[in-house]
Amino acid sequence: MPRHLSTLSDLACLIPATTITGNPQTHFRGFAIDSRTLKPGELFVAIASDSDDGHRYVPDAFSKGATAALIHHLQFSGAQELIAAGKPLLQVPNTLQALTGMARAWRCQWSFPVVAVTGSAGKTTLCSMLSRFSPATAATLGNFNNYIGLPLSILSAPQDALLGVFELGMNGFGEIDTLGSLLQPQVGVITNIGSAHMGLLGGRQGIMEAKLELLPHCDTLVVDGDNTELVHQAAAATHLVTAGSAPECTVRLQHQEATDTGTLLQVEFDGSSQGSHKFLVPFAEAFLIKNALLALATGHTLGLPRRKMEDALQKASLPRWRWEQHHIGSHRYIFDCYNSNPDSLQAALQQLSRLPGPHIAVVGEMLELGEFSEIEHRNAAAFLQFCQHVFTYGTQAQWISEELGNQATHCHSIDQIAAELADCQSATVLVKGSRGNRLERLLDVL
Ligand code: ATP
Ligand code: MG
């Protein structure tokens, strides 16, 4: 078996039903499911959904430089021309099922430990910390964390990595169960339970139950030990490891101290039996410190030496648009605009309030809240009271403006936000909104 899956025949080895048109030795470098973002050399996977059929974009994928395509039918415009031109097509009965089957087969060949991270917020951030625990980590590609993304991430991983760290996302019941059974992690981590996707899960209890679907798929479950409700419900785990400040936590923060370069954490492992250890982390934000404790609990479960974890956390860096700081004009900006939900907004605002003022918040929408959307947007106004001014953006964020009255301005464009900010006195500005708002566009305008 090859170290990486890089030819069509490598893929065909994983599921015997596969038939190939074109040269089986065709090489590819990575996978794409969207022809608009495909990079030359990638293999295009045509996925059919209820709303669209990815096969329609196979010709476009080849024109963008795809070296091959995985398909399950040839009833798309341009198919015969591609065959006549000898374009490499790997045909299977169903691309999504094939993808999952190939990922399952590839995963079974790994001998390194695998960690699965789920939770309402902080999955990518924690994964990026955990990735530093090993010089060769197999990891989630970008934010590819669902039933299509996880198989693609698994198939992109080398077989001889030393550690696997994968993010599991979800929108409803049954999804974590499906992803967990595919990934079969040794260690599962639940970062937190928030209100993201509350609309589909009918409240916080539903969200907790959905995340706990990970439980039967891992040997050890790591959770936030300060969330008593979660700890209580996860107690059924064969092996539960908790991280936080509460006295009974397996990995417990005893003391923290701000330094010039970040925060020094004094952490105790397994009560006092193994003594405590100091870790320097290059940040001060409470939610990042929480993620660092979860990372330590995961490393502890994997039996990593403290020294190794210390080095890794010291060098931790955050993925794009998570607490990204810029000084532009007279303002200090914090772009935390990869995504937003009630919990991550509250965490970010709490952190903003600890920084030097005056404070300004540019707040976009919190999407995917379903029937709870209006109430959650209106509730968010309470956490924005300390700001000198708030600019809102996006239809649903208008509810926040309504609650705040004169303290807020609803903006209809990114240019308008930039113009409004230019008129404000020097301030610390938090920019936060869901992915759909793409508030990072403000950076280009500024
Ligand atoms: P997605 O579901 O969009 O993939 P994610 O779970 O991967 O999100 P991240 O991208 O890591 O989350 O972080 C998004 C934001 O969530 C951060 O910028 C921060 O504001 C907030 N956040 C990160 N960690 C935590 C945490 N432990 N508790 C609360 N909020 C957090
Ligand atoms: Mg993520």
# chains A, B, ... in the order shown; residues from 1 in each chain; ligands from 1
$ closest_atom_pairs --of "chain A" --to "ligand 2" --cutoff "9 Å" --atoms "only C-alpha atoms and all ligand atoms" --output "CSV"
residue,atom,partner,partner_atom_place_in_ligand_line,distance
A:Ala121,CA,ligand 2,1 (Mg),7.6
A:Gly122,CA,ligand 2,1 (Mg),7.0
A:Lys123,CA,ligand 2,1 (Mg),5.2
A:Thr124,CA,ligand 2,1 (Mg),4.2
A:Thr125,CA,ligand 2,1 (Mg),7.4
A:Cys127,CA,ligand 2,1 (Mg),8.8
A:Gly142,CA,ligand 2,1 (Mg),7.7
A:Asn143,CA,ligand 2,1 (Mg),5.0
A:Phe144,CA,ligand 2,1 (Mg),8.0
A:Asn145,CA,ligand 2,1 (Mg),7.3
A:Glu167,CA,ligand 2,1 (Mg),6.9
A:Leu168,CA,ligand 2,1 (Mg),8.4
A:Gly169,CA,ligand 2,1 (Mg),7.4
A:Tyr338,CA,ligand 2,1 (Mg),8.5
A:Asn339,CA,ligand 2,1 (Mg),8.6
$ write_last_selection --atoms "C-alpha atoms" --output "CSV table (one decimal), in the first residue's frame"
chain,number,residue,atom,x,y,z
A,121,ALA,CA,-16.8,26.5,19.1
A,122,GLY,CA,-13.1,26.1,19.0
A,123,LYS,CA,-12.7,22.9,17.0
A,124,THR,CA,-10.3,24.3,14.4
A,125,THR,CA,-8.4,26.3,17.0
A,127,CYS,CA,-7.0,21.0,16.2
A,142,GLY,CA,-9.3,23.5,6.1
A,143,ASN,CA,-12.7,23.2,7.6
A,144,PHE,CA,-13.6,19.9,5.8
A,145,ASN,CA,-15.5,18.4,8.8
A,167,GLU,CA,-12.6,18.0,13.4
A,168,LEU,CA,-16.1,16.7,13.4
A,169,GLY,CA,-18.8,19.2,12.6
A,338,TYR,CA,-14.4,33.1,10.8
A,339,ASN,CA,-17.7,32.3,12.3
$ residues_around --residues "Thr261 (chain A)" --least-positions-apart "3" --cutoff "10 Å" --atoms "only C-alpha atoms" --output "PyMOL selection string"
chain A and resi 258+264+280-284+314
$ residues_near_ligand --ligand "ligand 1" --cutoff "9 Å" --atoms "only C-alpha atoms and all ligand atoms" --output "ChimeraX atom specification"
/A:117-128,143-145,167-170,191-194,196,224,286-292,294,318-324,335-341,343-349,432,434-435
$ residues_around --residues "region 32-37 of chain A" --least-positions-apart "5" --cutoff "6 Å" --atoms "only C-alpha atoms" --output "list in words"
Phe44, Val45 and Ala61 of chain A
$ write_last_selection --atoms "N, CA, C and O atoms" --output "compact mmCIF listing (two decimals), in the first residue's frame"
# COMPACT_ATOMS: atom_id res chain seq x y z
N PHE A 44 -11.11 15.89 -9.08
CA PHE A 44 -12.44 16.46 -8.84
C PHE A 44 -13.41 15.34 -8.49
O PHE A 44 -13.52 14.35 -9.22
N VAL A 45 -14.12 15.50 -7.36
CA VAL A 45 -15.10 14.49 -6.96
C VAL A 45 -16.50 15.08 -7.22
O VAL A 45 -16.87 16.11 -6.64
N ALA A 61 -14.13 21.56 -14.18
CA ALA A 61 -13.01 21.12 -13.33
C ALA A 61 -11.79 20.81 -14.19
O ALA A 61 -10.66 21.21 -13.87
$ residues_around --residues "Phe133 (chain A)" --least-positions-apart "3" --cutoff "7 Å" --atoms "only C-alpha atoms" --output "ChimeraX atom specification"
/A:130,308-309,312
$ residues_around --residues "Lys87 (chain A)" --least-positions-apart "4" --cutoff "7 Å" --atoms "only C-alpha atoms" --output "list in words"
Gly22, Ala68, Leu82 and Ile83 of chain A
$ closest_residue --among "A:Ser63, A:Val58, A:Gln25, A:Ala235" --to "Gly78 (chain A)" --atoms "only C-alpha atoms"
A:Val58
$ select_by_dssp --residues "region 2-172 of chain A" --states "helix (DSSP H, G or I)" --output "count of residues only"
53
$ select_by_dssp --residues "region 200-247 of chain A" --states "strand (DSSP E or B)" --output "list in words"
Thr220, Leu221, Val222, Val223, Asp224, Leu240, Val241, Thr242, Ala243 and Gly244 of chain A
$ write_last_selection --atoms "N, CA and C atoms" --output "mmCIF file, in the first residue's frame"
data_model
loop_
_atom_site.group_PDB
_atom_site.id
_atom_site.type_symbol
_atom_site.label_atom_id
_atom_site.label_comp_id
_atom_site.auth_asym_id
_atom_site.auth_seq_id
_atom_site.Cartn_x
_atom_site.Cartn_y
_atom_site.Cartn_z
ATOM 1 N N THR A 220 -11.382 7.060 25.016
ATOM 2 C CA THR A 220 -11.340 8.088 26.064
ATOM 3 C C THR A 220 -12.038 9.328 25.553
ATOM 4 N N LEU A 221 -12.838 9.941 26.421
ATOM 5 C CA LEU A 221 -13.501 11.190 26.042
ATOM 6 C C LEU A 221 -12.936 12.324 26.911
ATOM 7 N N VAL A 222 -12.499 13.404 26.257
ATOM 8 C CA VAL A 222 -11.967 14.566 26.966
ATOM 9 C C VAL A 222 -13.020 15.673 26.884
ATOM 10 N N VAL A 223 -13.397 16.248 28.027
ATOM 11 C CA VAL A 223 -14.402 17.323 27.999
ATOM 12 C C VAL A 223 -14.000 18.476 28.900
ATOM 13 N N ASP A 224 -14.701 19.589 28.711
ATOM 14 C CA ASP A 224 -14.530 20.770 29.547
ATOM 15 C C ASP A 224 -15.055 20.445 30.949
ATOM 16 N N LEU A 240 -13.235 8.933 31.175
ATOM 17 C CA LEU A 240 -13.521 10.359 31.005
ATOM 18 C C LEU A 240 -12.368 11.189 31.577
ATOM 19 N N VAL A 241 -11.886 12.121 30.786
ATOM 20 C CA VAL A 241 -10.814 13.012 31.237
ATOM 21 C C VAL A 241 -11.348 14.429 31.168
ATOM 22 N N THR A 242 -11.201 15.189 32.254
ATOM 23 C CA THR A 242 -11.755 16.543 32.274
ATOM 24 C C THR A 242 -10.637 17.580 32.381
ATOM 25 N N ALA A 243 -10.861 18.734 31.737
ATOM 26 C CA ALA A 243 -9.863 19.816 31.771
ATOM 27 C C ALA A 243 -10.558 21.101 32.164
ATOM 28 N N GLY A 244 -9.992 21.838 33.102
ATOM 29 C CA GLY A 244 -10.605 23.107 33.504
ATOM 30 C C GLY A 244 -10.053 23.576 34.841
#
$ atom_distance --atom1 "CA of Gly275 (chain A)" --atom2 "CA of Ser245 (chain A)"
15.7 Å
$ closest_residue --among "A:Asn437, A:Glu248, A:Ala316, A:Asp415" --to "Val363 (chain A)" --atoms "only C-alpha atoms"
A:Asn437
$ residues_around --residues "region 98-102 of chain A" --least-positions-apart "4" --cutoff "8 Å" --atoms "only C-alpha atoms" --output "count of residues only"
12
$ residues_around --residues "Pro158 (chain A)" --least-positions-apart "6" --cutoff "7 Å" --atoms "only C-alpha atoms" --output "PDB file with N, CA, C and O atoms, in the first residue's frame"
ATOM      1  N   ARG A   3       2.279   5.150   0.591  1.00  0.00           N
ATOM      2  CA  ARG A   3       2.315   6.024   1.764  1.00  0.00           C
ATOM      3  C   ARG A   3       1.183   7.058   1.667  1.00  0.00           C
ATOM      4  O   ARG A   3       0.467   7.320   2.608  1.00  0.00           O
ATOM      5  N   HIS A   4       1.036   7.622   0.456  1.00  0.00           N
ATOM      6  CA  HIS A   4      -0.050   8.576   0.179  1.00  0.00           C
ATOM      7  C   HIS A   4      -0.929   7.990  -0.909  1.00  0.00           C
ATOM      8  O   HIS A   4      -0.450   7.240  -1.751  1.00  0.00           O
ATOM      9  N   ALA A 138      -1.645  13.931  10.578  1.00  0.00           N
ATOM     10  CA  ALA A 138      -2.694  13.830   9.561  1.00  0.00           C
ATOM     11  C   ALA A 138      -3.852  14.656  10.105  1.00  0.00           C
ATOM     12  O   ALA A 138      -4.254  14.456  11.244  1.00  0.00           O
TER      13      ALA A 138
END
$ atom_distance --atom1 "CA of Asp160 (chain A)" --atom2 "CA of Pro113 (chain A)"
11.1 Å
$ atom_distance --atom1 "CA of Pro358 (chain A)" --atom2 "CA of Gln388 (chain A)"
6.2 Å
